[in-house]
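Engineer: If you scroll down you'll find the structure; I have some questions about it.
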Amino acid sequence: MNIFHTPHEMTAWSQAQRRSGKRIGFVPTMGYLHAGHLSLVAEAQRHADAIALSIFVNPTQFGPHEDFATYPRDEARDLALCREAGVAAVFLPAPAAMYAPDASVSVDESALQNGLCGARRPGHFRGVCTVVAKLFNIVLPDVAVFGQKDFQQAAVIRRMVRDLNFPVTIITAPTLREPDGLAMSSRNVHLNAKERQQALGLSRALASAADALRAGETSADTLRQQMRDVLEQHGLRVDYAEIADAETLSPVTTATPGNVALIAAHCGNTRLIDNRVL
């Protein structure tokens, strides 16, 4: 497995793969890998010949009071998991290799980012779009795989790729869950035993909305309140509980199959997100 620390090295490898006729699959991550990330690698392997994975905790997508400094990191473990999964190249840059001291260009999507996490984390999706655009230009992938757990992020990236004509096919892979329903997340490591049980409120709130819609409830406001009630019953502090159009991410008035339920909630000091297509 190749490990590259500079954009030049990473791009040179990708260009060599392309010259040999190989399709490159790419999984961008912030590290502290878990089975959910490895499922993205497996999905990429179904669509490409050589898989590159990046590990980069991107400072520009964190706000001043967010968890950049405490975001979990374990480089040695991550690299071992990548080897086991058959990753061909890992791009492991330092922030200085990704951002010049006087960097002054960014990429900003202006429609899909406005609600949900974008409304609560100003500048977050500008940081996401900018770093993903840079990674696409460095890695030169044919295919890139993102997880559905970050539903809004995947939608924003698809829009960026469409509007800026990146020659990359975006694949969204299903959320991987623990046996009890909790969506896998690197941030779960911050949960203590009590918080780990409280965190089950996210998937249970989503299930309650899905069950209610299936039973005939079509008022989106009723479903939103039902999700909030479940979250609060689990001792979670609700950030948002939304029913939205899956394409535009705009809130809906009448819920229909195909809409998406999205949740963000604080469990202790940890902010968790989850979603479910109804």
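Ordered as shown in the structure tokens, chains take letters A, B, and onward, while each chain numbers its residues from 1 and ligands are numbered from 1 in the order shown.
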Wanna dump the region 9-39 of chain A-region 152-174 of chain A contacts at 10 Å for me, each residue with its shortest atom pair and the distance in Å to one decimal, counting only C-alpha atoms, ordered by chain and number, as a tab-separated table?
Structural biologist:
residue	atom	partner	partner_atom	distance
A:Ile24	CA	A:Val168	CA	9.9
A:Gly25	CA	A:Thr169	CA	9.5
A:Phe26	CA	A:Ile170	CA	9.7
A:Gly36	CA	A:Pro174	CA	8.9
A:His37	CA	A:Ala173	CA	9.9
A:Ser39	CA	A:Ala173	CA	8.0
Engineer: Those selected residues, please, written with C-alpha atoms and delivered as an mmCIF file, in the first residue's frame.
Structural biologist:
data_model
loop_
_atom_site.group_PDB
_atom_site.id
_atom_site.type_symbol
_atom_site.label_atom_id
_atom_site.label_comp_id
_atom_site.auth_asym_id
_atom_site.auth_seq_id
_atom_site.Cartn_x
_atom_site.Cartn_y
_atom_site.Cartn_z
ATOM 1 C CA ILE A 24 -9.505 5.111 -9.747
ATOM 2 C CA GLY A 25 -12.017 4.902 -6.934
ATOM 3 C CA PHE A 26 -11.750 7.414 -4.098
ATOM 4 C CA GLY A 36 -18.867 2.291 7.801
ATOM 5 C CA HIS A 37 -15.784 3.710 6.081
ATOM 6 C CA SER A 39 -18.118 -0.337 3.439
#
Engineer: List the neighbours of Cys82 (chain A) out to 9 Å using only C-alpha atoms; skip same-chain residues closer than 5 positions along the sequence, and give me the result as a list in words.
Structural biologist: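 Skipping anything fewer than 5 positions along the chain leaves Met1, Leu33, Leu38, Val41, Leu53, Arg77, Val87, Ala88, Ala89 and Val90 of chain A.
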Engineer: Extract, using only C-alpha atoms, all DNA, RNA and protein residues at most 8 Å from Ser219 (chain A), discarding same-chain residues fewer than 5 positions from it, and format them as a PyMOL selection string.
Structural biologist: chain A and resi 253-255
Engineer: For region 103-118 of chain A, list every protein, DNA or RNA residue within 10 Å, evaluated using only C-alpha atoms, and leave out those in the same chain fewer than 4 positions away; present the list as a CSV table (one decimal) with all heavy atoms, in the first residue's frame.
Structural biologist:
chain,number,residue,atom,x,y,z
A,98,MET,N,-2.0,21.2,2.2
A,98,MET,CA,-3.3,21.4,1.5
A,98,MET,C,-3.7,22.9,1.4
A,98,MET,O,-4.4,23.3,0.5
A,98,MET,CB,-4.4,20.7,2.3
A,98,MET,CG,-4.3,19.2,2.3
A,98,MET,SD,-4.6,18.5,0.6
A,98,MET,CE,-6.4,18.8,0.5
A,99,TYR,N,-3.2,23.8,2.3
A,99,TYR,CA,-3.6,25.2,2.3
A,99,TYR,C,-2.3,26.0,2.4
A,99,TYR,O,-1.6,26.0,3.4
A,99,TYR,CB,-4.5,25.5,3.4
A,99,TYR,CG,-5.9,24.8,3.3
A,99,TYR,CD1,-6.1,23.7,4.2
A,99,TYR,CD2,-6.8,25.1,2.4
A,99,TYR,CE1,-7.3,23.0,4.1
A,99,TYR,CE2,-8.1,24.5,2.4
A,99,TYR,CZ,-8.3,23.4,3.2
A,99,TYR,OH,-9.5,22.7,3.1
A,122,PRO,N,-22.1,27.7,10.3
A,122,PRO,CA,-21.8,28.7,9.2
A,122,PRO,C,-20.3,28.4,8.7
A,122,PRO,O,-19.4,28.2,9.5
A,122,PRO,CB,-21.8,30.0,9.9
A,122,PRO,CG,-22.8,29.8,11.1
A,122,PRO,CD,-22.5,28.4,11.5
A,123,GLY,N,-20.2,28.3,7.4
A,123,GLY,CA,-18.9,28.1,6.7
A,123,GLY,C,-18.6,26.7,6.6
A,123,GLY,O,-17.6,26.3,5.9
A,124,HIS,N,-19.3,25.8,7.2
A,124,HIS,CA,-19.0,24.3,7.2
A,124,HIS,C,-18.9,23.8,5.8
A,124,HIS,O,-17.9,23.2,5.4
A,124,HIS,CB,-20.0,23.5,8.0
A,124,HIS,CG,-19.9,22.1,7.9
A,124,HIS,ND1,-18.8,21.3,8.4
A,124,HIS,CD2,-20.7,21.1,7.3
A,124,HIS,CE1,-19.0,20.1,8.1
A,124,HIS,NE2,-20.1,19.9,7.4
A,125,PHE,N,-20.0,24.0,5.0
A,125,PHE,CA,-20.0,23.4,3.7
A,125,PHE,C,-19.1,24.2,2.7
A,125,PHE,O,-18.7,23.6,1.7
A,125,PHE,CB,-21.4,23.4,3.2
A,125,PHE,CG,-22.2,22.2,3.8
A,125,PHE,CD1,-23.3,22.5,4.6
A,125,PHE,CD2,-21.9,20.9,3.6
A,125,PHE,CE1,-24.0,21.5,5.3
A,125,PHE,CE2,-22.6,19.9,4.2
A,125,PHE,CZ,-23.6,20.2,5.0
A,126,ARG,N,-18.7,25.4,3.0
A,126,ARG,CA,-17.7,26.0,2.2
A,126,ARG,C,-16.4,25.3,2.4
A,126,ARG,O,-15.6,25.0,1.4
A,126,ARG,CB,-17.5,27.5,2.6
A,126,ARG,CG,-16.4,28.2,1.7
A,126,ARG,CD,-16.2,29.7,2.2
A,126,ARG,NE,-17.5,30.4,2.2
A,126,ARG,CZ,-18.0,30.9,3.3
A,126,ARG,NH1,-17.5,30.6,4.5
A,126,ARG,NH2,-19.2,31.5,3.2
A,127,GLY,N,-16.1,24.9,3.6
A,127,GLY,CA,-14.9,24.1,3.9
A,127,GLY,C,-14.9,22.8,3.3
A,127,GLY,O,-13.9,22.3,2.7
A,128,VAL,N,-16.1,22.1,3.3
A,128,VAL,CA,-16.3,20.8,2.7
A,128,VAL,C,-16.1,20.9,1.2
A,128,VAL,O,-15.3,20.1,0.6
A,128,VAL,CB,-17.7,20.2,3.1
A,128,VAL,CG1,-18.0,19.0,2.2
A,128,VAL,CG2,-17.8,19.9,4.6
A,129,CYS,N,-16.8,21.8,0.6
A,129,CYS,CA,-16.7,21.9,-0.9
A,129,CYS,C,-15.3,22.2,-1.3
A,129,CYS,O,-14.8,21.6,-2.3
A,129,CYS,CB,-17.6,22.9,-1.4
A,129,CYS,SG,-19.4,22.4,-1.5
A,130,THR,N,-14.6,23.1,-0.6
A,130,THR,CA,-13.3,23.5,-1.0
A,130,THR,C,-12.3,22.3,-0.9
A,130,THR,O,-11.5,22.0,-1.8
A,130,THR,CB,-12.8,24.7,-0.1
A,130,THR,OG1,-13.7,25.8,-0.3
A,130,THR,CG2,-11.4,25.1,-0.5
A,131,VAL,N,-12.4,21.6,0.2
A,131,VAL,CA,-11.4,20.5,0.4
A,131,VAL,C,-11.7,19.3,-0.6
A,131,VAL,O,-10.8,18.7,-1.1
A,131,VAL,CB,-11.3,20.0,1.9
A,131,VAL,CG1,-12.5,19.1,2.2
A,131,VAL,CG2,-10.0,19.3,2.1
A,132,VAL,N,-13.0,19.1,-0.8
A,132,VAL,CA,-13.3,18.0,-1.7
A,132,VAL,C,-12.9,18.3,-3.1
A,132,VAL,O,-12.4,17.5,-3.9
A,132,VAL,CB,-14.8,17.6,-1.6
A,132,VAL,CG1,-15.2,16.6,-2.7
A,132,VAL,CG2,-15.1,17.0,-0.3
A,133,ALA,N,-13.1,19.6,-3.5
A,133,ALA,CA,-12.7,20.0,-4.9
A,133,ALA,C,-11.2,19.9,-5.0
A,133,ALA,O,-10.6,19.4,-6.0
A,133,ALA,CB,-13.1,21.5,-5.1
A,134,LYS,N,-10.4,20.2,-3.9
A,134,LYS,CA,-9.0,20.1,-4.0
A,134,LYS,C,-8.6,18.6,-4.1
A,134,LYS,O,-7.7,18.2,-4.8
A,134,LYS,CB,-8.4,20.7,-2.7
A,134,LYS,CG,-8.4,22.2,-2.7
A,134,LYS,CD,-8.0,22.8,-1.4
A,134,LYS,CE,-6.6,22.6,-1.1
A,134,LYS,NZ,-5.7,23.4,-2.0
A,150,ASP,N,-24.2,11.3,6.1
A,150,ASP,CA,-24.0,12.7,5.8
A,150,ASP,C,-24.8,13.1,4.6
A,150,ASP,O,-24.3,13.5,3.5
A,150,ASP,CB,-22.5,13.1,5.6
A,150,ASP,CG,-21.7,12.8,6.9
A,150,ASP,OD1,-21.9,13.5,7.9
A,150,ASP,OD2,-20.9,11.8,6.9
A,152,GLN,N,-26.9,15.6,3.7
A,152,GLN,CA,-26.8,17.0,3.2
A,152,GLN,C,-25.4,17.1,2.5
A,152,GLN,O,-25.3,17.7,1.4
A,152,GLN,CB,-26.9,18.0,4.2
A,152,GLN,CG,-27.0,19.5,3.7
A,152,GLN,CD,-27.2,20.5,4.8
A,152,GLN,OE1,-27.0,20.2,6.0
A,152,GLN,NE2,-27.7,21.7,4.4
A,153,GLN,N,-24.4,16.6,3.1
A,153,GLN,CA,-23.0,16.7,2.5
A,153,GLN,C,-23.0,16.0,1.1
A,153,GLN,O,-22.5,16.6,0.1
A,153,GLN,CB,-22.0,16.1,3.4
A,153,GLN,CG,-20.6,16.0,2.8
A,153,GLN,CD,-19.6,15.3,3.7
A,153,GLN,OE1,-19.0,16.0,4.5
A,153,GLN,NE2,-19.4,14.0,3.6
A,155,ALA,N,-25.5,15.5,-0.9
A,155,ALA,CA,-26.2,16.3,-1.9
A,155,ALA,C,-25.5,17.5,-2.3
A,155,ALA,O,-25.5,17.9,-3.5
A,155,ALA,CB,-27.6,16.8,-1.2
A,156,VAL,N,-24.8,18.2,-1.4
A,156,VAL,CA,-24.0,19.4,-1.8
A,156,VAL,C,-22.8,19.0,-2.7
A,156,VAL,O,-22.6,19.7,-3.7
A,156,VAL,CB,-23.4,20.1,-0.5
A,156,VAL,CG1,-22.4,21.1,-0.8
A,156,VAL,CG2,-24.6,20.7,0.3
A,157,ILE,N,-22.2,17.9,-2.4
A,157,ILE,CA,-21.1,17.4,-3.3
A,157,ILE,C,-21.6,17.1,-4.7
A,157,ILE,O,-21.0,17.4,-5.7
A,157,ILE,CB,-20.3,16.2,-2.7
A,157,ILE,CG1,-19.6,16.7,-1.4
A,157,ILE,CG2,-19.3,15.6,-3.6
A,157,ILE,CD1,-18.7,17.8,-1.5
A,159,ARG,N,-24.1,18.3,-6.2
A,159,ARG,CA,-24.4,19.6,-6.9
A,159,ARG,C,-23.1,20.3,-7.3
A,159,ARG,O,-23.0,20.8,-8.4
A,159,ARG,CB,-25.2,20.5,-5.9
A,159,ARG,CG,-25.6,21.9,-6.5
A,159,ARG,CD,-26.5,21.8,-7.7
A,159,ARG,NE,-27.8,21.1,-7.3
A,159,ARG,CZ,-28.8,21.7,-6.8
A,159,ARG,NH1,-28.8,23.0,-6.6
A,159,ARG,NH2,-29.9,21.0,-6.5
A,160,MET,N,-22.1,20.3,-6.5
A,160,MET,CA,-20.8,20.9,-6.9
A,160,MET,C,-20.2,20.2,-8.1
A,160,MET,O,-19.7,20.8,-9.1
A,160,MET,CB,-19.8,20.8,-5.7
A,160,MET,CG,-18.4,21.4,-6.0
A,160,MET,SD,-17.2,21.1,-4.7
A,160,MET,CE,-16.7,19.4,-5.1
A,163,ASP,N,-22.4,21.2,-11.2
A,163,ASP,CA,-22.3,22.6,-11.6
A,163,ASP,C,-20.9,23.0,-12.0
A,163,ASP,O,-20.7,23.9,-12.9
A,163,ASP,CB,-22.8,23.5,-10.5
A,163,ASP,CG,-24.3,23.5,-10.3
A,163,ASP,OD1,-24.9,22.7,-11.0
A,163,ASP,OD2,-24.8,24.1,-9.3
A,164,LEU,N,-19.8,22.3,-11.5
A,164,LEU,CA,-18.5,22.7,-11.9
A,164,LEU,C,-17.9,21.7,-12.9
A,164,LEU,O,-16.7,21.7,-13.2
A,164,LEU,CB,-17.6,22.8,-10.6
A,164,LEU,CG,-18.0,23.9,-9.7
A,164,LEU,CD1,-17.0,24.0,-8.5
A,164,LEU,CD2,-18.1,25.3,-10.4
A,239,ASP,N,-31.1,19.6,18.0
A,239,ASP,CA,-30.6,20.7,17.1
A,239,ASP,C,-31.6,20.9,16.0
A,239,ASP,O,-32.1,22.0,15.9
A,239,ASP,CB,-29.3,20.3,16.5
A,239,ASP,CG,-28.5,21.5,15.9
A,239,ASP,OD1,-29.2,22.5,15.6
A,239,ASP,OD2,-27.3,21.3,15.6
A,240,TYR,N,-32.0,19.9,15.3
A,240,TYR,CA,-33.1,19.9,14.4
A,240,TYR,C,-33.7,18.6,14.2
A,240,TYR,O,-33.0,17.5,14.4
A,240,TYR,CB,-32.7,20.6,13.0
A,240,TYR,CG,-31.7,19.9,12.2
A,240,TYR,CD1,-32.0,18.7,11.5
A,240,TYR,CD2,-30.4,20.4,12.1
A,240,TYR,CE1,-31.0,18.0,10.8
A,240,TYR,CE2,-29.4,19.7,11.4
A,240,TYR,CZ,-29.7,18.6,10.7
A,240,TYR,OH,-28.8,17.9,9.9
A,241,ALA,N,-35.0,18.5,13.8
A,241,ALA,CA,-35.7,17.3,13.4
A,241,ALA,C,-36.5,17.7,12.3
A,241,ALA,O,-37.6,18.4,12.4
A,241,ALA,CB,-36.5,16.7,14.6
A,242,GLU,N,-36.1,17.3,11.1
A,242,GLU,CA,-36.7,17.9,9.8
A,242,GLU,C,-37.3,16.8,8.9
A,242,GLU,O,-36.8,15.7,8.9
A,242,GLU,CB,-35.7,18.7,9.1
A,242,GLU,CG,-36.2,19.5,7.9
A,242,GLU,CD,-37.3,20.5,8.3
A,242,GLU,OE1,-37.0,21.6,8.7
A,242,GLU,OE2,-38.5,20.1,8.3
A,244,ALA,N,-37.9,16.7,4.9
A,244,ALA,CA,-37.5,17.5,3.7
A,244,ALA,C,-37.6,16.7,2.4
A,244,ALA,O,-37.7,15.5,2.4
A,244,ALA,CB,-36.1,18.0,3.9
A,247,GLU,N,-34.4,15.8,-2.7
A,247,GLU,CA,-33.6,16.4,-3.8
A,247,GLU,C,-33.2,17.8,-3.4
A,247,GLU,O,-32.0,18.2,-3.5
A,247,GLU,CB,-34.3,16.4,-5.1
A,247,GLU,CG,-34.5,15.0,-5.6
A,247,GLU,CD,-33.2,14.2,-5.9
A,247,GLU,OE1,-32.3,14.8,-6.4
A,247,GLU,OE2,-33.2,13.0,-5.6
A,248,THR,N,-34.2,18.6,-3.0
A,248,THR,CA,-33.9,20.0,-2.7
A,248,THR,C,-33.5,20.3,-1.3
A,248,THR,O,-33.0,21.4,-1.0
A,248,THR,CB,-35.1,20.9,-3.1
A,248,THR,OG1,-36.2,20.5,-2.1
A,248,THR,CG2,-35.6,20.6,-4.5
A,249,LEU,N,-33.8,19.4,-0.4
A,249,LEU,CA,-33.6,19.5,1.1
A,249,LEU,C,-34.5,20.6,1.7
A,249,LEU,O,-34.3,21.0,2.8
A,249,LEU,CB,-32.1,19.8,1.4
A,249,LEU,CG,-31.1,18.7,0.9
A,249,LEU,CD1,-29.7,19.0,1.4
A,249,LEU,CD2,-31.6,17.3,1.3
A,250,SER,N,-35.5,21.0,0.9
A,250,SER,CA,-36.4,22.0,1.4
A,250,SER,C,-37.5,21.3,2.4
A,250,SER,O,-37.9,20.2,2.0
A,250,SER,CB,-37.2,22.7,0.3
A,250,SER,OG,-36.3,23.4,-0.5
A,251,PRO,N,-37.8,22.0,3.5
A,251,PRO,CA,-38.9,21.4,4.3
A,251,PRO,C,-40.2,21.2,3.6
A,251,PRO,O,-40.5,22.0,2.7
A,251,PRO,CB,-39.0,22.5,5.4
A,251,PRO,CG,-37.8,23.2,5.4
A,251,PRO,CD,-37.3,23.3,4.0
A,262,LEU,N,-34.5,14.0,8.8
A,262,LEU,CA,-33.1,14.3,9.2
A,262,LEU,C,-33.1,14.8,10.6
A,262,LEU,O,-33.9,15.6,11.0
A,262,LEU,CB,-32.5,15.3,8.2
A,262,LEU,CG,-32.5,15.0,6.7
A,262,LEU,CD1,-33.5,15.9,6.0
A,262,LEU,CD2,-31.2,15.1,6.1
A,263,ILE,N,-32.1,14.4,11.3
A,263,ILE,CA,-31.9,14.7,12.7
A,263,ILE,C,-30.5,15.1,13.0
A,263,ILE,O,-29.6,14.6,12.5
A,263,ILE,CB,-32.3,13.5,13.6
A,263,ILE,CG1,-33.8,13.3,13.7
A,263,ILE,CG2,-31.8,13.7,15.1
A,263,ILE,CD1,-34.3,12.1,14.4
A,264,ALA,N,-30.4,16.2,13.9
A,264,ALA,CA,-29.1,16.5,14.6
A,264,ALA,C,-29.5,16.7,16.0
A,264,ALA,O,-30.4,17.4,16.3
A,264,ALA,CB,-28.4,17.7,14.0
A,273,ILE,N,-25.6,13.1,14.0
A,273,ILE,CA,-26.6,13.3,13.0
A,273,ILE,C,-27.0,11.9,12.5
A,273,ILE,O,-26.3,11.0,12.6
A,273,ILE,CB,-26.1,14.2,11.8
A,273,ILE,CG1,-24.9,13.5,11.1
A,273,ILE,CG2,-25.7,15.6,12.2
A,273,ILE,CD1,-24.4,14.2,9.8
Engineer: Which neighbours of Phe56 (chain A) fall inside 12 Å, counting only C-alpha atoms, when residues of the same chain fewer than 6 positions from it are skipped, and could you give them as a ChimeraX atom specification?
Structural biologist: /A:4-6,27-33,68,71-75,78,90-98,128,131-132,134-135
Engineer: Pull N, CA, C and O atoms from the residues just selected and write them as a short mmCIF file (atom, residue, chain, number, x, y, z; two decimals), in the first residue's frame.
Structural biologist:
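That gives us selection_4.cif:
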data_model
loop_
_atom_site.label_atom_id
_atom_site.label_comp_id
_atom_site.auth_asym_id
_atom_site.auth_seq_id
_atom_site.Cartn_x
_atom_site.Cartn_y
_atom_site.Cartn_z
N PHE A 4 1.07 8.53 0.76
CA PHE A 4 1.57 9.78 0.21
C PHE A 4 1.20 10.94 1.14
O PHE A 4 0.09 11.00 1.67
N HIS A 5 2.15 11.87 1.29
CA HIS A 5 1.93 13.01 2.18
C HIS A 5 1.83 14.34 1.43
O HIS A 5 1.44 15.35 2.04
N THR A 6 2.17 14.36 0.15
CA THR A 6 2.10 15.61 -0.60
C THR A 6 1.17 15.45 -1.80
O THR A 6 1.06 14.35 -2.38
N VAL A 27 -12.22 7.35 -1.72
CA VAL A 27 -13.02 7.50 -0.51
C VAL A 27 -12.36 8.57 0.36
O VAL A 27 -11.32 8.32 0.97
N PRO A 28 -12.93 9.78 0.40
CA PRO A 28 -12.37 10.81 1.28
C PRO A 28 -12.86 10.64 2.70
O PRO A 28 -14.06 10.44 2.93
N THR A 29 -11.96 10.68 3.68
CA THR A 29 -12.35 10.50 5.08
C THR A 29 -11.57 11.49 5.96
O THR A 29 -10.57 12.08 5.53
N MET A 30 -12.03 11.61 7.20
CA MET A 30 -11.28 12.35 8.20
C MET A 30 -10.61 11.39 9.19
O MET A 30 -10.18 11.78 10.27
N GLY A 31 -10.53 10.11 8.79
CA GLY A 31 -9.82 9.15 9.62
C GLY A 31 -10.64 8.61 10.77
O GLY A 31 -11.86 8.73 10.80
N TYR A 32 -9.96 7.97 11.70
CA TYR A 32 -10.58 7.21 12.78
C TYR A 32 -11.60 6.26 12.17
O TYR A 32 -12.79 6.30 12.47
N LEU A 33 -11.10 5.41 11.29
CA LEU A 33 -11.95 4.59 10.43
C LEU A 33 -12.72 3.54 11.21
O LEU A 33 -12.26 3.02 12.22
N PHE A 68 -12.60 20.38 16.35
CA PHE A 68 -11.43 20.07 15.52
C PHE A 68 -10.29 19.49 16.37
O PHE A 68 -9.69 18.47 16.03
N TYR A 71 -11.26 15.96 17.65
CA TYR A 71 -11.76 14.96 16.72
C TYR A 71 -10.84 13.73 16.81
O TYR A 71 -9.61 13.86 16.80
N PRO A 72 -11.42 12.51 16.94
CA PRO A 72 -10.57 11.33 17.19
C PRO A 72 -9.61 11.04 16.05
O PRO A 72 -9.96 11.17 14.87
N ARG A 73 -8.39 10.66 16.41
CA ARG A 73 -7.36 10.36 15.43
C ARG A 73 -6.60 9.11 15.86
O ARG A 73 -6.27 8.96 17.04
N ASP A 74 -6.29 8.23 14.91
CA ASP A 74 -5.47 7.04 15.17
C ASP A 74 -4.87 6.58 13.84
O ASP A 74 -5.37 5.67 13.20
N GLU A 75 -3.79 7.24 13.46
CA GLU A 75 -3.21 7.03 12.14
C GLU A 75 -2.75 5.59 11.94
O GLU A 75 -3.03 4.99 10.88
N ASP A 78 -5.71 3.31 11.43
CA ASP A 78 -6.34 3.60 10.14
C ASP A 78 -5.58 2.94 8.99
O ASP A 78 -6.17 2.33 8.10
N VAL A 90 -3.03 5.64 0.18
CA VAL A 90 -3.60 6.50 1.20
C VAL A 90 -2.94 7.87 1.08
O VAL A 90 -1.71 7.98 1.06
N PHE A 91 -3.77 8.90 0.98
CA PHE A 91 -3.28 10.27 0.93
C PHE A 91 -3.45 10.85 2.33
O PHE A 91 -4.56 10.96 2.84
N LEU A 92 -2.33 11.21 2.95
CA LEU A 92 -2.29 11.59 4.35
C LEU A 92 -1.54 12.92 4.48
O LEU A 92 -0.42 12.98 4.99
N PRO A 93 -2.16 14.01 4.03
CA PRO A 93 -1.44 15.28 4.03
C PRO A 93 -1.56 16.02 5.36
O PRO A 93 -2.49 15.80 6.14
N ALA A 94 -0.61 16.90 5.61
CA ALA A 94 -0.71 17.84 6.72
C ALA A 94 -1.47 19.07 6.21
O ALA A 94 -1.50 19.34 5.01
N PRO A 95 -2.09 19.83 7.11
CA PRO A 95 -2.81 21.03 6.66
C PRO A 95 -1.95 21.96 5.80
O PRO A 95 -2.44 22.55 4.84
N ALA A 96 -0.67 22.08 6.13
CA ALA A 96 0.20 22.98 5.36
C ALA A 96 0.38 22.51 3.93
O ALA A 96 0.68 23.33 3.04
N ALA A 97 0.23 21.21 3.69
CA ALA A 97 0.33 20.69 2.32
C ALA A 97 -0.93 20.96 1.52
O ALA A 97 -0.90 20.92 0.28
N MET A 98 -2.04 21.22 2.21
CA MET A 98 -3.32 21.44 1.54
C MET A 98 -3.68 22.91 1.38
O MET A 98 -4.40 23.28 0.46
N VAL A 128 -16.12 22.11 3.33
CA VAL A 128 -16.28 20.79 2.74
C VAL A 128 -16.09 20.85 1.22
O VAL A 128 -15.33 20.05 0.65
N VAL A 131 -12.36 21.58 0.23
CA VAL A 131 -11.40 20.49 0.40
C VAL A 131 -11.71 19.34 -0.55
O VAL A 131 -10.79 18.71 -1.10
N VAL A 132 -12.99 19.05 -0.80
CA VAL A 132 -13.33 17.96 -1.72
C VAL A 132 -12.92 18.34 -3.15
O VAL A 132 -12.39 17.50 -3.89
N LYS A 134 -10.42 20.24 -3.94
CA LYS A 134 -8.97 20.08 -3.97
C LYS A 134 -8.59 18.60 -4.05
O LYS A 134 -7.69 18.22 -4.83
N LEU A 135 -9.26 17.77 -3.26
CA LEU A 135 -8.95 16.34 -3.28
C LEU A 135 -9.25 15.72 -4.65
O LEU A 135 -8.47 14.88 -5.14
#
Engineer: Just how far from CA of Glu195 (chain A) is CA of Leu182 (chain A), in Å to one decimal?
Structural biologist: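 Answer for the CA of Leu182 (chain A) to CA of Glu195 (chain A) separation: 11.7 Å.
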Engineer: Residues of region 67-174 of chain A classed as strand (DSSP E or B) by DSSP on the backbone are to be reported as a short mmCIF file (atom, residue, chain, number, x, y, z; two decimals) with C-alpha atoms, in the first residue's frame.
Structural biologist:
data_model
loop_
_atom_site.label_atom_id
_atom_site.label_comp_id
_atom_site.auth_asym_id
_atom_site.auth_seq_id
_atom_site.Cartn_x
_atom_site.Cartn_y
_atom_site.Cartn_z
CA ALA A 89 -3.01 4.36 -1.89
CA VAL A 90 -3.60 6.50 1.20
CA PHE A 91 -3.28 10.27 0.93
CA VAL A 143 -15.53 7.45 -8.94
CA ALA A 144 -15.89 8.85 -5.42
CA VAL A 145 -17.99 7.26 -2.68
CA PHE A 146 -19.72 9.13 0.14
CA GLY A 147 -21.95 7.81 2.93
CA THR A 169 -19.13 9.86 -10.70
CA ILE A 170 -20.52 10.29 -7.18
CA ILE A 171 -21.90 7.20 -5.44
CA THR A 172 -23.82 7.43 -2.17
CA ALA A 173 -23.56 4.26 -0.09
#
Engineer: Which residue is closest to Asn188 (chain A)? Choose from A:Arg120, A:Arg224, A:Arg204, A:Arg271 and count only C-alpha atoms.
Structural biologist: A:Arg271
Engineer: Skip Asp211 (chain A) itself and residues of its chain fewer than 4 positions away, then list as a ChimeraX atom specification all residues within 12 Å of it, counting only C-alpha atoms.
Structural biologist: /A:204-207,215-218,223,226-227,257,261,276,278
Engineer: For the structure I just gave you, how does DSSP split region 114-274 of chain A - specifically, which residues are alpha helix (DSSP H)? Reply as an MDAnalysis selection string.
Structural biologist: chainID A and resid 116:120 124:139 151:163 193:198 200:214 220:233
Engineer: Counting only C-alpha atoms, which of A:Glu178, A:Phe62, A:Pro101, A:Arg23 gets nearest to Ala44 (chain A)?
Structural biologist: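 Of all the options, A:Arg23 lies closest to Ala44 (chain A).
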